file data-v3.tsv (TSV, C-alpha atoms)
chain	number	residue	atom	x	y	z
A	23	MET	CA	25.86	29.88	31.11
A	24	ALA	CA	26.86	26.94	33.25
A	25	VAL	CA	24.28	24.19	33.77
A	26	ASP	CA	23.87	23.21	37.39
A	27	PHE	CA	23.42	19.45	37.10
A	28	SER	CA	23.13	18.95	40.84
A	29	GLN	CA	20.10	21.26	40.80
A	30	ILE	CA	18.56	19.29	37.94
A	31	VAL	CA	19.14	16.01	39.80
A	32	LYS	CA	17.51	17.50	42.93
A	33	ILE	CA	14.42	18.54	40.92
A	34	ALA	CA	14.27	15.17	39.19
A	35	GLN	CA	14.28	13.36	42.53
A	36	THR	CA	11.09	15.14	43.49
A	37	LEU	CA	9.25	14.18	40.26
A	38	PRO	CA	7.21	11.05	39.64
A	39	VAL	CA	9.15	8.41	37.67
A	40	SER	CA	6.37	8.27	35.05
A	41	LEU	CA	6.79	11.97	34.31
A	42	ILE	CA	10.57	11.65	33.97
A	43	SER	CA	9.94	8.69	31.67
A	44	ILE	CA	7.60	10.79	29.48
A	45	ILE	CA	10.15	13.60	29.27
A	46	LEU	CA	13.03	11.28	28.37
A	47	SER	CA	11.13	9.29	25.74
A	48	ASN	CA	9.76	12.54	24.32
A	49	VAL	CA	13.20	14.12	23.98
A	50	LEU	CA	14.60	10.98	22.34
A	51	LEU	CA	11.65	10.78	19.92
A	52	ILE	CA	12.06	14.42	18.88
A	53	PHE	CA	15.78	13.86	18.42
A	54	GLY	CA	15.13	10.62	16.46
A	55	PHE	CA	12.61	12.20	14.11
A	56	LEU	CA	14.85	15.22	13.49
A	57	LEU	CA	17.80	12.94	12.80
A	58	GLY	CA	15.72	10.80	10.47
A	59	LYS	CA	14.26	13.75	8.61
A	60	LEU	CA	17.35	15.90	8.28
A	61	VAL	CA	20.17	13.38	7.95
A	62	LEU	CA	19.21	9.74	7.50
A	63	TYR	CA	16.27	10.03	5.14
A	64	LYS	CA	18.59	11.30	2.41
A	65	ALA	CA	20.60	8.05	2.49
A	66	GLU	CA	17.86	6.01	0.79
A	67	ASP	CA	20.16	3.14	-0.17
A	68	ALA	CA	20.95	2.25	3.46
A	69	VAL	CA	17.85	0.05	3.75
A	70	LYS	CA	19.13	-2.24	6.49
A	71	PHE	CA	20.35	0.62	8.65
A	72	PHE	CA	17.06	2.40	8.15
A	73	ALA	CA	15.16	-0.72	9.19
A	74	TYR	CA	16.97	-0.83	12.54
A	75	PHE	CA	16.62	2.93	13.00
A	76	SER	CA	12.86	2.65	12.48
A	77	VAL	CA	12.68	-0.24	14.94
A	78	ALA	CA	14.49	1.98	17.48
A	79	ILE	CA	11.88	4.71	16.93
A	80	CYS	CA	9.12	2.10	17.38
A	81	ILE	CA	10.67	1.04	20.69
A	82	LEU	CA	10.75	4.70	21.77
A	83	PHE	CA	7.09	5.03	20.80
A	84	VAL	CA	6.22	2.00	22.92
A	85	TRP	CA	8.18	3.51	25.86
A	86	TYR	CA	6.41	6.86	25.30
A	87	PHE	CA	2.94	5.24	25.21
A	88	VAL	CA	3.62	3.14	28.30
A	89	SER	CA	4.90	6.22	30.17
A	90	ILE	CA	1.78	8.19	29.27
A	91	LEU	CA	-0.49	5.37	30.42
A	92	TRP	CA	1.53	4.96	33.62
A	93	PHE	CA	1.38	8.70	34.38
A	94	SER	CA	-2.36	8.92	33.60
A	95	VAL	CA	-3.36	5.87	35.60
A	96	SER	CA	-1.26	6.85	38.64
A	97	ASN	CA	-2.78	10.36	38.56
A	98	LEU	CA	-6.25	8.92	38.25
A	99	PHE	CA	-5.71	6.90	41.43
A	100	ALA	CA	-4.21	9.98	43.11
A	101	GLY	CA	-7.39	11.89	42.32
A	102	ASN	CA	-5.85	14.26	39.72
A	103	ALA	CA	-8.46	13.70	37.03
A	104	VAL	CA	-7.31	16.65	34.88
A	105	TYR	CA	-3.70	15.41	34.77
A	106	SER	CA	-4.82	11.92	33.86
A	107	ALA	CA	-7.15	13.16	31.11
A	108	ILE	CA	-4.75	15.44	29.22
A	109	PHE	CA	-1.90	13.12	28.26
A	110	PRO	CA	-3.84	10.23	26.68
A	111	ILE	CA	-4.61	12.54	23.74
A	112	PHE	CA	-0.97	12.10	22.75
A	113	LEU	CA	-1.45	8.34	22.58
A	114	PHE	CA	-3.69	8.73	19.57
A	115	LEU	CA	-1.99	11.60	17.75
A	116	PRO	CA	0.78	9.54	16.05
A	117	PHE	CA	-1.90	7.22	14.63
A	118	ILE	CA	-4.15	10.09	13.53
A	119	ILE	CA	-1.20	11.76	11.79
A	120	GLY	CA	-0.26	8.40	10.25
A	121	HIS	CA	-3.79	7.95	8.96
A	122	PHE	CA	-3.75	11.22	7.04
A	123	ALA	CA	-0.11	11.11	5.91
A	124	SER	CA	0.93	10.47	2.32
A	125	TYR	CA	4.31	10.04	0.69
A	126	GLU	CA	3.94	13.30	-1.23
A	127	LYS	CA	3.44	15.19	2.04
A	128	VAL	CA	5.72	13.10	4.23
A	129	HIS	CA	7.86	16.08	5.31
A	130	PHE	CA	4.82	18.13	6.25
A	131	TYR	CA	3.37	15.32	8.35
A	132	THR	CA	6.75	14.58	9.92
A	133	ASN	CA	6.88	18.23	11.01
A	134	ILE	CA	3.39	17.89	12.47
A	135	GLN	CA	4.54	14.78	14.35
A	136	ILE	CA	7.58	16.60	15.72
A	137	LEU	CA	5.40	19.56	16.70
A	138	THR	CA	3.00	17.35	18.66
A	139	LEU	CA	5.96	15.76	20.43
A	140	ILE	CA	7.29	19.21	21.34
A	141	ILE	CA	3.85	20.20	22.70
A	142	SER	CA	3.73	16.98	24.69
A	143	LEU	CA	7.21	17.72	26.08
A	144	LEU	CA	6.23	21.26	27.06
A	145	LEU	CA	3.12	19.92	28.75
A	146	ALA	CA	5.19	17.40	30.69
A	147	LEU	CA	7.63	20.13	31.71
A	148	SER	CA	4.75	22.30	32.88
A	149	PHE	CA	3.98	19.67	35.56
A	150	ILE	CA	7.36	20.26	37.20
B	17	MET	CA	-4.26	3.39	-16.25
B	18	GLY	CA	-3.48	0.70	-18.79
B	19	GLN	CA	-0.10	2.21	-19.55
B	20	SER	CA	2.19	0.15	-21.74
B	21	LEU	CA	5.45	-0.86	-20.13
B	22	ASP	CA	8.31	-2.76	-21.71
B	23	PHE	CA	8.10	-5.63	-19.30
B	24	GLU	CA	4.42	-6.41	-19.46
B	25	PHE	CA	3.73	-9.51	-21.52
B	26	ILE	CA	0.93	-10.48	-23.80
B	27	HIS	CA	0.81	-13.88	-25.51
B	28	GLU	CA	-2.07	-13.73	-27.91
B	29	LYS	CA	-3.34	-15.92	-30.70
B	30	LYS	CA	-6.92	-14.76	-30.31
B	31	CYS	CA	-8.60	-17.88	-29.02
B	32	ASN	CA	-11.76	-17.91	-26.89
B	33	ARG	CA	-10.16	-18.07	-23.50
B	34	ALA	CA	-7.70	-15.85	-21.72
B	35	VAL	CA	-5.82	-15.82	-18.44
B	36	LEU	CA	-5.03	-12.53	-16.75
B	37	LEU	CA	-2.05	-12.95	-14.46
B	38	PHE	CA	-0.99	-10.63	-11.65
B	39	HIS	CA	2.52	-10.43	-10.25
B	40	GLY	CA	3.37	-10.00	-6.59
B	41	MET	CA	4.11	-7.04	-4.37
B	42	THR	CA	7.33	-5.23	-5.43
B	43	GLY	CA	7.68	-7.78	-8.25
B	44	SER	CA	7.14	-7.50	-11.97
B	45	PRO	CA	5.60	-9.52	-14.83
B	46	PHE	CA	9.03	-11.11	-15.20
B	47	GLU	CA	8.27	-13.50	-12.35
B	48	MET	CA	5.12	-14.74	-14.14
B	49	LYS	CA	6.80	-15.18	-17.51
B	50	LYS	CA	7.36	-18.96	-17.34
B	51	MET	CA	3.83	-19.56	-16.14
B	52	GLY	CA	2.50	-17.34	-18.92
B	53	LYS	CA	4.46	-19.33	-21.50
B	54	ALA	CA	3.17	-22.65	-20.12
B	55	LEU	CA	-0.43	-21.41	-20.24
B	56	PHE	CA	0.02	-20.06	-23.74
B	57	ASP	CA	1.39	-23.41	-24.89
B	58	ALA	CA	-1.78	-24.95	-23.45
B	59	ASP	CA	-3.89	-22.73	-25.74
B	60	PHE	CA	-4.75	-19.88	-23.43
B	61	ASP	CA	-4.14	-16.28	-24.38
B	62	VAL	CA	-2.13	-14.78	-21.55
B	63	PHE	CA	-1.88	-11.22	-20.26
B	64	CYS	CA	0.23	-9.83	-17.46
B	65	TYR	CA	0.60	-6.11	-16.81
B	66	CYS	CA	2.88	-4.25	-14.48
B	67	LEU	CA	0.91	-3.05	-11.45
B	68	PRO	CA	0.82	0.68	-10.63
B	69	GLY	CA	3.90	1.87	-8.75
B	70	HIS	CA	5.92	-1.14	-9.89
B	71	GLY	CA	8.63	-1.39	-12.50
B	72	THR	CA	9.68	2.25	-12.39
B	73	SER	CA	11.37	4.31	-9.70
B	74	PRO	CA	11.31	2.78	-6.18
B	75	ILE	CA	9.69	6.03	-5.01
B	76	ASN	CA	6.58	5.38	-7.13
B	77	ILE	CA	5.59	2.35	-5.12
B	78	LYS	CA	5.34	4.53	-2.01
B	79	THR	CA	2.79	6.79	-3.67
B	80	VAL	CA	0.24	4.16	-4.72
B	81	ARG	CA	-2.72	2.90	-2.76
B	82	TRP	CA	-4.35	-0.51	-2.94
B	83	GLU	CA	-7.29	1.06	-4.73
B	84	ASP	CA	-4.88	1.93	-7.59
B	85	TRP	CA	-3.81	-1.71	-7.96
B	86	TYR	CA	-7.40	-2.82	-7.79
B	87	SER	CA	-8.83	-0.31	-10.28
B	88	ASP	CA	-6.00	-0.89	-12.76
B	89	SER	CA	-6.50	-4.66	-12.58
B	90	THR	CA	-10.29	-4.47	-12.94
B	91	PHE	CA	-9.74	-2.18	-15.94
B	92	HIS	CA	-7.65	-4.92	-17.61
B	93	TYR	CA	-10.11	-7.58	-16.57
B	94	ARG	CA	-13.09	-5.70	-18.05
B	95	GLU	CA	-11.11	-5.10	-21.23
B	96	LEU	CA	-10.54	-8.84	-21.61
B	97	THR	CA	-14.17	-9.72	-20.97
B	98	GLN	CA	-15.04	-7.67	-24.06
B	99	LYS	CA	-12.76	-9.83	-26.21
B	100	TYR	CA	-12.96	-13.32	-24.70
B	101	GLU	CA	-15.73	-15.73	-23.83
B	102	GLU	CA	-13.82	-17.13	-20.88
B	103	VAL	CA	-11.55	-15.04	-18.68
B	104	TYR	CA	-9.58	-16.66	-15.88
B	105	LEU	CA	-7.51	-14.95	-13.23
B	106	GLY	CA	-4.23	-16.01	-11.74
B	107	GLY	CA	-1.87	-14.36	-9.34
B	108	LEU	CA	1.08	-14.75	-7.08
B	109	CYS	CA	1.34	-13.21	-3.60
B	110	MET	CA	-0.49	-9.87	-3.71
B	111	GLY	CA	-1.51	-10.80	-7.28
B	112	ALA	CA	-3.51	-13.68	-5.81
B	113	VAL	CA	-5.26	-11.24	-3.46
B	114	LEU	CA	-6.06	-9.08	-6.50
B	115	ALA	CA	-7.53	-12.07	-8.33
B	116	LEU	CA	-9.73	-12.86	-5.31
B	117	ALA	CA	-10.84	-9.23	-4.94
B	118	ILE	CA	-11.85	-9.00	-8.61
B	119	ALA	CA	-13.72	-12.30	-8.38
B	120	ALA	CA	-15.57	-10.98	-5.32
B	121	GLU	CA	-16.94	-8.14	-7.42
B	122	TYR	CA	-17.31	-9.84	-10.82
B	123	ARG	CA	-19.29	-13.06	-10.57
B	124	GLU	CA	-18.55	-13.94	-14.22
B	125	VAL	CA	-14.90	-14.75	-13.48
B	126	ARG	CA	-14.56	-18.31	-14.78
B	127	GLY	CA	-11.83	-19.54	-12.46
B	128	ILE	CA	-8.96	-18.48	-10.24
B	129	VAL	CA	-5.46	-19.84	-9.75
B	130	SER	CA	-4.28	-18.39	-6.47
B	131	LEU	CA	-0.58	-18.92	-5.73
B	132	SER	CA	1.13	-18.05	-2.43
B	133	THR	CA	-1.89	-15.96	-1.44
B	134	THR	CA	-0.73	-13.23	0.93
B	135	LEU	CA	-3.40	-12.31	3.44
B	136	PHE	CA	-1.11	-12.46	6.47
B	137	LEU	CA	2.58	-11.60	6.63
B	138	ASP	CA	3.66	-14.42	8.90
B	139	GLY	CA	6.30	-16.39	7.01
B	140	TRP	CA	9.51	-17.54	8.63
B	141	THR	CA	11.72	-14.79	7.13
B	142	ILE	CA	9.64	-11.98	8.59
B	143	PRO	CA	12.07	-10.19	10.96
B	144	TRP	CA	11.97	-10.76	14.74
B	145	TYR	CA	10.88	-7.17	15.28
B	146	ASN	CA	7.68	-7.79	13.33
B	147	PHE	CA	5.58	-7.33	16.48
B	148	PHE	CA	6.31	-3.59	16.18
B	149	MET	CA	4.57	-3.64	12.80
B	150	PRO	CA	1.29	-2.05	14.03
B	151	ILE	CA	3.23	1.01	15.24
B	152	GLY	CA	5.35	1.08	12.09
B	153	VAL	CA	2.51	0.83	9.58
B	154	HIS	CA	-0.02	3.07	11.29
B	155	THR	CA	2.28	6.03	11.98
B	156	ILE	CA	4.38	8.31	9.79
B	157	LEU	CA	7.20	5.76	10.14
B	158	ARG	CA	5.83	3.69	7.29
B	159	TYR	CA	7.27	6.19	4.81
B	160	TYR	CA	10.72	5.87	6.36
B	161	TYR	CA	10.99	2.15	6.72
B	162	SER	CA	11.49	-0.74	4.28
B	163	PHE	CA	11.88	-4.44	5.03
B	164	PRO	CA	15.16	-5.38	3.40
B	165	GLU	CA	14.71	-8.24	0.92
B	166	ARG	CA	17.08	-11.01	1.98
B	167	GLU	CA	17.92	-14.64	1.45
B	168	PRO	CA	16.28	-16.93	0.46
B	169	TYR	CA	14.44	-14.41	-1.81
B	170	GLY	CA	11.40	-16.70	-1.82
B	171	LEU	CA	13.35	-19.53	-3.44
B	172	LYS	CA	14.27	-22.94	-2.11
B	173	ASN	CA	16.28	-23.74	-5.23
B	174	GLU	CA	19.79	-22.56	-4.40
B	175	THR	CA	21.00	-22.20	-7.98
B	176	LEU	CA	18.09	-19.95	-8.81
B	177	ARG	CA	18.56	-18.06	-5.57
B	178	LYS	CA	22.13	-17.17	-6.53
B	179	LYS	CA	20.92	-15.93	-9.92
B	180	ILE	CA	18.20	-13.81	-8.31
B	181	ALA	CA	20.69	-12.40	-5.79
B	182	ALA	CA	22.93	-11.36	-8.71
B	183	LEU	CA	19.94	-9.81	-10.50
B	184	GLN	CA	18.97	-7.94	-7.32
B	185	LYS	CA	22.46	-6.46	-7.18
B	186	ARG	CA	22.12	-5.30	-10.77
B	187	ASN	CA	18.70	-3.96	-9.78
B	188	THR	CA	16.34	-5.19	-12.44
B	189	GLU	CA	12.59	-4.62	-12.51
B	190	ALA	CA	12.05	-5.99	-9.01
B	191	LEU	CA	12.77	-3.98	-5.86
B	192	ASP	CA	15.26	-5.21	-3.27
B	193	ASN	CA	13.11	-4.15	-0.35
B	194	TYR	CA	9.48	-3.98	0.75
B	195	PRO	CA	8.54	-0.40	1.63
B	196	MET	CA	6.42	-0.34	4.78
B	197	SER	CA	3.90	1.95	3.05
B	198	CYS	CA	3.42	-0.78	0.45
B	199	ILE	CA	2.94	-3.39	3.20
B	200	TYR	CA	0.41	-1.04	4.82
B	201	GLU	CA	-1.58	-0.94	1.57
B	202	LEU	CA	-1.31	-4.71	1.15
B	203	LEU	CA	-2.59	-5.28	4.69
B	204	LYS	CA	-5.53	-2.93	4.11
B	205	PHE	CA	-6.25	-4.70	0.83
B	206	SER	CA	-5.97	-8.10	2.52
B	207	LYS	CA	-8.45	-7.02	5.18
B	208	TRP	CA	-10.89	-5.87	2.51
B	209	THR	CA	-10.50	-9.17	0.67
B	210	GLN	CA	-10.94	-11.22	3.86
B	211	LYS	CA	-14.22	-9.42	4.51
B	212	ASN	CA	-15.45	-10.07	0.98
B	213	ILE	CA	-14.07	-13.56	0.43
B	214	PHE	CA	-17.50	-15.16	0.87
B	215	LYS	CA	-18.66	-13.33	-2.27
B	216	VAL	CA	-16.19	-15.24	-4.45
B	217	LYS	CA	-18.14	-17.95	-6.24
B	218	ALA	CA	-15.65	-18.77	-8.99
B	219	PRO	CA	-13.89	-22.14	-8.91
B	220	ILE	CA	-10.50	-21.81	-7.30
B	221	LEU	CA	-7.22	-23.65	-7.24
B	222	LEU	CA	-4.98	-22.66	-4.32
B	223	MET	CA	-1.33	-23.62	-4.23
B	224	HIS	CA	0.84	-22.68	-1.28
B	225	ALA	CA	4.25	-23.84	-0.12
B	226	LYS	CA	4.35	-25.49	3.28
B	227	GLU	CA	7.59	-23.59	3.99
B	228	ASP	CA	6.60	-20.28	2.41
B	229	ASP	CA	9.08	-17.76	3.77
B	230	LEU	CA	6.85	-14.68	3.44
B	231	THR	CA	3.36	-15.89	4.24
B	232	SER	CA	2.50	-19.14	5.98
B	233	PRO	CA	-0.15	-21.56	4.63
B	234	LYS	CA	-2.58	-19.86	7.07
B	235	SER	CA	-3.52	-17.44	4.25
B	236	ALA	CA	-4.40	-20.20	1.77
B	237	GLU	CA	-6.22	-22.12	4.48
B	238	PHE	CA	-8.26	-19.02	5.33
B	239	VAL	CA	-9.32	-18.68	1.68
B	240	TYR	CA	-10.04	-22.40	1.39
B	241	LYS	CA	-12.28	-22.35	4.48
B	242	ASN	CA	-14.11	-19.07	3.88
B	243	ILE	CA	-14.50	-18.72	0.13
B	244	GLY	CA	-17.99	-18.93	-1.35
B	245	SER	CA	-16.89	-21.21	-4.22
B	246	SER	CA	-18.29	-24.70	-4.32
B	247	ILE	CA	-15.41	-25.88	-6.47
B	248	ARG	CA	-12.15	-25.40	-4.61
B	249	LYS	CA	-8.90	-27.20	-4.51
B	250	TYR	CA	-5.91	-26.60	-2.27
B	251	ILE	CA	-2.51	-28.09	-3.01
B	252	ARG	CA	0.21	-27.75	-0.40
B	253	LEU	CA	3.65	-27.69	-1.98
B	254	GLU	CA	6.39	-29.57	-0.19
B	255	ASN	CA	9.52	-28.39	-1.94
B	256	SER	CA	9.16	-24.65	-2.60
B	257	TYR	CA	9.18	-21.33	-0.83
B	258	HIS	CA	7.16	-18.22	-1.73
B	259	LEU	CA	7.96	-17.86	-5.44
B	260	VAL	CA	6.27	-21.09	-6.47
B	261	VAL	CA	6.25	-20.10	-10.15
B	262	MET	CA	10.06	-20.08	-10.21
B	263	ASP	CA	11.03	-22.61	-7.56
B	264	ASN	CA	11.59	-26.39	-7.56
B	265	GLU	CA	7.96	-27.32	-8.18
B	266	ARG	CA	7.22	-24.76	-10.90
B	267	ASP	CA	6.48	-27.40	-13.56
B	268	PHE	CA	4.09	-29.14	-11.17
B	269	VAL	CA	2.42	-25.76	-10.48
B	270	PHE	CA	2.03	-25.05	-14.20
B	271	GLU	CA	0.75	-28.55	-14.91
B	272	LYS	CA	-1.87	-28.41	-12.14
B	273	SER	CA	-2.94	-24.89	-13.16
B	274	ILE	CA	-3.46	-25.93	-16.77
B	275	GLU	CA	-5.25	-29.10	-15.72
B	276	PHE	CA	-7.57	-27.08	-13.47
B	277	LEU	CA	-8.32	-24.36	-16.04
B	278	ASN	CA	-8.91	-26.94	-18.77
B	279	SER	CA	-11.39	-28.71	-16.54
B	280	LEU	CA	-13.40	-25.49	-16.30
B	281	SER	CA	-13.17	-24.51	-19.93
B	282	ALA	CA	-15.56	-25.35	-22.72
B	283	TYR	CA	-12.61	-25.17	-25.09
B	284	GLY	CA	-10.16	-27.38	-23.26
B	285	PRO	CA	-9.36	-31.09	-23.70
B	286	LYS	CA	-12.39	-33.16	-22.77
B	287	GLU	CA	-10.78	-35.84	-20.61
B	288	THR	CA	-10.85	-33.80	-17.38
B	289	GLY	CA	-14.09	-33.05	-15.56
B	290	LEU	CA	-15.14	-30.51	-12.92
B	291	LYS	CA	-16.08	-33.19	-10.46
B	292	ASN	CA	-12.41	-34.12	-10.11
B	293	PHE	CA	-11.78	-30.82	-8.40
B	294	ASP	CA	-14.77	-30.50	-6.17
B	295	ASP	CA	-13.62	-29.47	-2.68
B	296	MET	CA	-10.25	-31.19	-2.63
B	297	PHE	CA	-7.14	-30.94	-0.56
B	298	GLU	CA	-3.89	-32.63	-1.48
B	299	GLU	CA	-0.18	-32.32	-0.88
B	300	SER	CA	2.40	-32.26	-3.62
B	301	VAL	CA	4.87	-35.10	-3.75
B	302	GLY	CA	7.83	-32.76	-3.34
B	303	VAL	CA	9.10	-32.62	-6.90
call {"tool": "encode", "arguments": {"input": "data-v3.tsv", "output": "structure tokens"}}
result
Amino acid sequence: MAVDFSQIVKIAQTLPVSLISIILSNVLLIFGFLLGKLVLYKAEDAVKFFAYFSVAICILFVWYFVSILWFSVSNLFAGNAVYSAIFPIFLFLPFIIGHFASYEKVHFYTNIQILTLIISLLLALSFI
Amino acid sequence: MGQSLDFEFIHEKKCNRAVLLFHGMTGSPFEMKKMGKALFDADFDVFCYCLPGHGTSPINIKTVRWEDWYSDSTFHYRELTQKYEEVYLGGLCMGAVLALAIAAEYREVRGIVSLSTTLFLDGWTIPWYNFFMPIGVHTILRYYYSFPEREPYGLKNETLRKKIAALQKRNTEALDNYPMSCIYELLKFSKWTQKNIFKVKAPILLMHAKEDDLTSPKSAEFVYKNIGSSIRKYIRLENSYHLVVMDNERDFVFEKSIEFLNSLSAYGPKETGLKNFDDMFEESVGV
């Protein structure tokens, strides 16, 4: 099945930048967590590499949080109260998951984190 | 709790006074060995145990919580109070925070020697991306990330630094990185200690290097300003980094610690008096 990129570009041009930003940061975060969990986490001796990888994930988180705030605030001013109320939940979820996580259950909580990111991505896509 | 590990040390000749020493985060009793020997030579019985999660597999340190360090240390402290008339506490880095936390709960602590107290991670070797720390420590990422231990390894003395670097490569008791989960626990513990610092009434001697690479003198200054002790002394070291018990001024640190503890003890030499230490601040001469 051939992907029609011109169609995707056309759709993207009609979307708010904040929503595109949420989608992009979301996809990269999911990819980053999967990469970390399935490939990189096994290489425990690569401490320095892991440090920079984690910093990259932190930067993505900051981008993700800023995008959510941007989307919510702009929708609030546009009078879409429901849109602006839904996404901020995802601002807190990484910290709630982090609060309950433990080393013994790190894979379980990583899966929960990935799942919440997937839900957030689906929600963002539903606005298209 | 109270497990016996090969690299704990106990110097005992059953006198009336004992010092319980605590090593730092990701360290081991090895780093306190010289100080322990100096105190023992000055007629103190000395005890230093390996903290939970330390000294075994690097994975173990990721599974412990600050409450584990605290309960294990109070267990050893209570054990010593059964055997000794005078029990003093001493610690380096997180060990200093432990000493303060115990003294906040147990008013009968006779004195504290707090070295390179780590309440804030704000030293000059903390990586540039430190401002991401809140996201790192409060999310699942803390189990994936470790701060790599790097030069100067807390040492200003270059000869020693080379030796430590070689030991790190051979991977001895100490870890070559700081797991973020461990930093998370330390920061929680530090917050708890900051809140309770006013409860500490025991006399305290603080020593902190001006150029500490891991934690700036802000931590020692916070303790000095907010502690409930009426007898407090703060010495700022001019020629050391974080590991003051191994660095250039170690003999000065040992000498001042012994002098301070003797001044508090009923069993020490009589020439020193408590009044000498009442609310003092001084700088070392840069030994």
call {"tool": "atom_distance", "arguments": {"input": "data-v3.tsv", "atom1": "CA of Phe75 in chain A", "atom2": "CA of Tyr131 in chain A"}}
result
18.7 Å
call {"tool": "atom_distance", "arguments": {"input": "data-v3.tsv", "atom1": "CA of Gly71 in chain B", "atom2": "CA of Trp85 in chain B"}}
result
13.2 Å
call {"tool": "interface_residues", "arguments": {"input": "data-v3.tsv", "of": "chain B", "to": "chain A", "cutoff": "7 Å", "atoms": "all atoms listed in the file", "output": "VMD selection string"}}
result
chain B and resid 78 to 79 148 151 to 152 154 to 157 159 161 to 164
call {"tool": "write_last_selection", "arguments": {"input": "data-v3.tsv", "atoms": "C-alpha atoms", "output": "short mmCIF file (atom, residue, chain, number, x, y, z; two decimals), in the frame of the given file"}}
result
data_model
loop_
_atom_site.label_atom_id
_atom_site.label_comp_id
_atom_site.auth_asym_id
_atom_site.auth_seq_id
_atom_site.Cartn_x
_atom_site.Cartn_y
_atom_site.Cartn_z
CA LYS B 78 5.34 4.53 -2.01
CA THR B 79 2.79 6.79 -3.67
CA PHE B 148 6.31 -3.59 16.18
CA ILE B 151 3.23 1.01 15.24
CA GLY B 152 5.35 1.08 12.09
CA HIS B 154 -0.02 3.07 11.29
CA THR B 155 2.28 6.03 11.98
CA ILE B 156 4.38 8.31 9.79
CA LEU B 157 7.20 5.76 10.14
CA TYR B 159 7.27 6.19 4.81
CA TYR B 161 10.99 2.15 6.72
CA SER B 162 11.49 -0.74 4.28
CA PHE B 163 11.88 -4.44 5.03
CA PRO B 164 15.16 -5.38 3.40
#
call {"tool": "residues_around", "arguments": {"input": "data-v3.tsv", "residues": "Gly107 in chain B", "least_positions_apart": "5", "cutoff": "7 Å", "atoms": "all atoms listed in the file", "output": "list in words"}}
result
Leu37, Phe38, His39, Ala112, Ala115, Val129, Ser130 and Leu131 of chain B
call {"tool": "write_last_selection", "arguments": {"input": "data-v3.tsv", "atoms": "C-alpha atoms", "output": "tab-separated table (two decimals), in the coordinates of the input"}}
result
chain	number	residue	atom	x	y	z
B	37	LEU	CA	-2.05	-12.95	-14.46
B	38	PHE	CA	-0.99	-10.63	-11.65
B	39	HIS	CA	2.52	-10.43	-10.25
B	112	ALA	CA	-3.51	-13.68	-5.81
B	115	ALA	CA	-7.53	-12.07	-8.33
B	129	VAL	CA	-5.46	-19.84	-9.75
B	130	SER	CA	-4.28	-18.39	-6.47
B	131	LEU	CA	-0.58	-18.92	-5.73
call {"tool": "closest_residue", "arguments": {"input": "data-v3.tsv", "among": "B:Met262, B:Tyr104, B:Leu280, B:Val113", "to": "Asn212 in chain B", "atoms": "all atoms listed in the file"}}
result
B:Val113
call {"tool": "residues_around", "arguments": {"input": "data-v3.tsv", "residues": "Ser273 in chain B", "least_positions_apart": "5", "cutoff": "9 Å", "atoms": "all atoms listed in the file", "output": "list in words"}}
result
Leu55, Val129, Leu221, Phe268 and Asn278 of chain B
call {"tool": "write_last_selection", "arguments": {"input": "data-v3.tsv", "atoms": "C-alpha atoms", "output": "mmCIF file, in the coordinates of the input"}}
result
data_model
loop_
_atom_site.group_PDB
_atom_site.id
_atom_site.type_symbol
_atom_site.label_atom_id
_atom_site.label_comp_id
_atom_site.auth_asym_id
_atom_site.auth_seq_id
_atom_site.Cartn_x
_atom_site.Cartn_y
_atom_site.Cartn_z
ATOM 1 C CA LEU B 55 -0.430 -21.410 -20.240
ATOM 2 C CA VAL B 129 -5.460 -19.840 -9.750
ATOM 3 C CA LEU B 221 -7.220 -23.650 -7.240
ATOM 4 C CA PHE B 268 4.090 -29.140 -11.170
ATOM 5 C CA ASN B 278 -8.910 -26.940 -18.770
#
call {"tool": "residues_near_point", "arguments": {"input": "data-v3.tsv", "point": "(-2.3, -8.8, -20.0)", "cutoff": "6 Å", "atoms": "only C-alpha atoms", "output": "PyMOL selection string"}}
result
chain B and resi 26+36+63-65
call {"tool": "atom_distance", "arguments": {"input": "data-v3.tsv", "atom1": "CA of Glu95 in chain B", "atom2": "CA of Ala119 in chain B"}}
result
15.0 Å
call {"tool": "closest_residue", "arguments": {"input": "data-v3.tsv", "among": "A:Leu56, A:Ile33, A:Ala107, A:Leu144", "to": "Phe93 in chain A", "atoms": "all atoms listed in the file"}}
result
A:Ala107
call {"tool": "axis_aligned_box", "arguments": {"input": "data-v3.tsv", "around": "range 73-83 of chain B", "padding_each_side": "4 Å", "output": "JSON"}}
result
{"center_x": 2.0, "center_y": 3.1, "center_z": -5.9, "size_x": 26.7, "size_y": 15.3, "size_z": 15.7}
call {"tool": "residues_around", "arguments": {"input": "data-v3.tsv", "residues": "Ser40 in chain A", "least_positions_apart": "4", "cutoff": "10 Å", "atoms": "all atoms listed in the file", "output": "list in words"}}
result
Ile44, Ile45, Leu46, Tyr86, Val88, Ser89, Ile90, Leu91, Trp92, Phe93, Ser94 and Ser96 of chain A
call {"tool": "residues_around", "arguments": {"input": "data-v3.tsv", "residues": "Ser206 in chain B", "least_positions_apart": "5", "cutoff": "8 Å", "atoms": "all atoms listed in the file", "output": "PyMOL selection string"}}
result
chain B and resi 113+134-136
call {"tool": "closest_residue", "arguments": {"input": "data-v3.tsv", "among": "B:Lys29, B:Thr42, B:Phe60, B:Glu83", "to": "Gly284 in chain B", "atoms": "all atoms listed in the file"}}
result
B:Phe60
call {"tool": "closest_residue", "arguments": {"input": "data-v3.tsv", "among": "A:Leu98, A:Ile136, A:Ile141, A:Ile111", "to": "Leu57 in chain A", "atoms": "only C-alpha atoms"}}
result
A:Ile136
call {"tool": "closest_residue", "arguments": {"input": "data-v3.tsv", "among": "B:Cys198, B:Val35, B:Val261, B:Val153", "to": "Asn76 in chain B", "atoms": "all atoms listed in the file"}}
result
B:Cys198
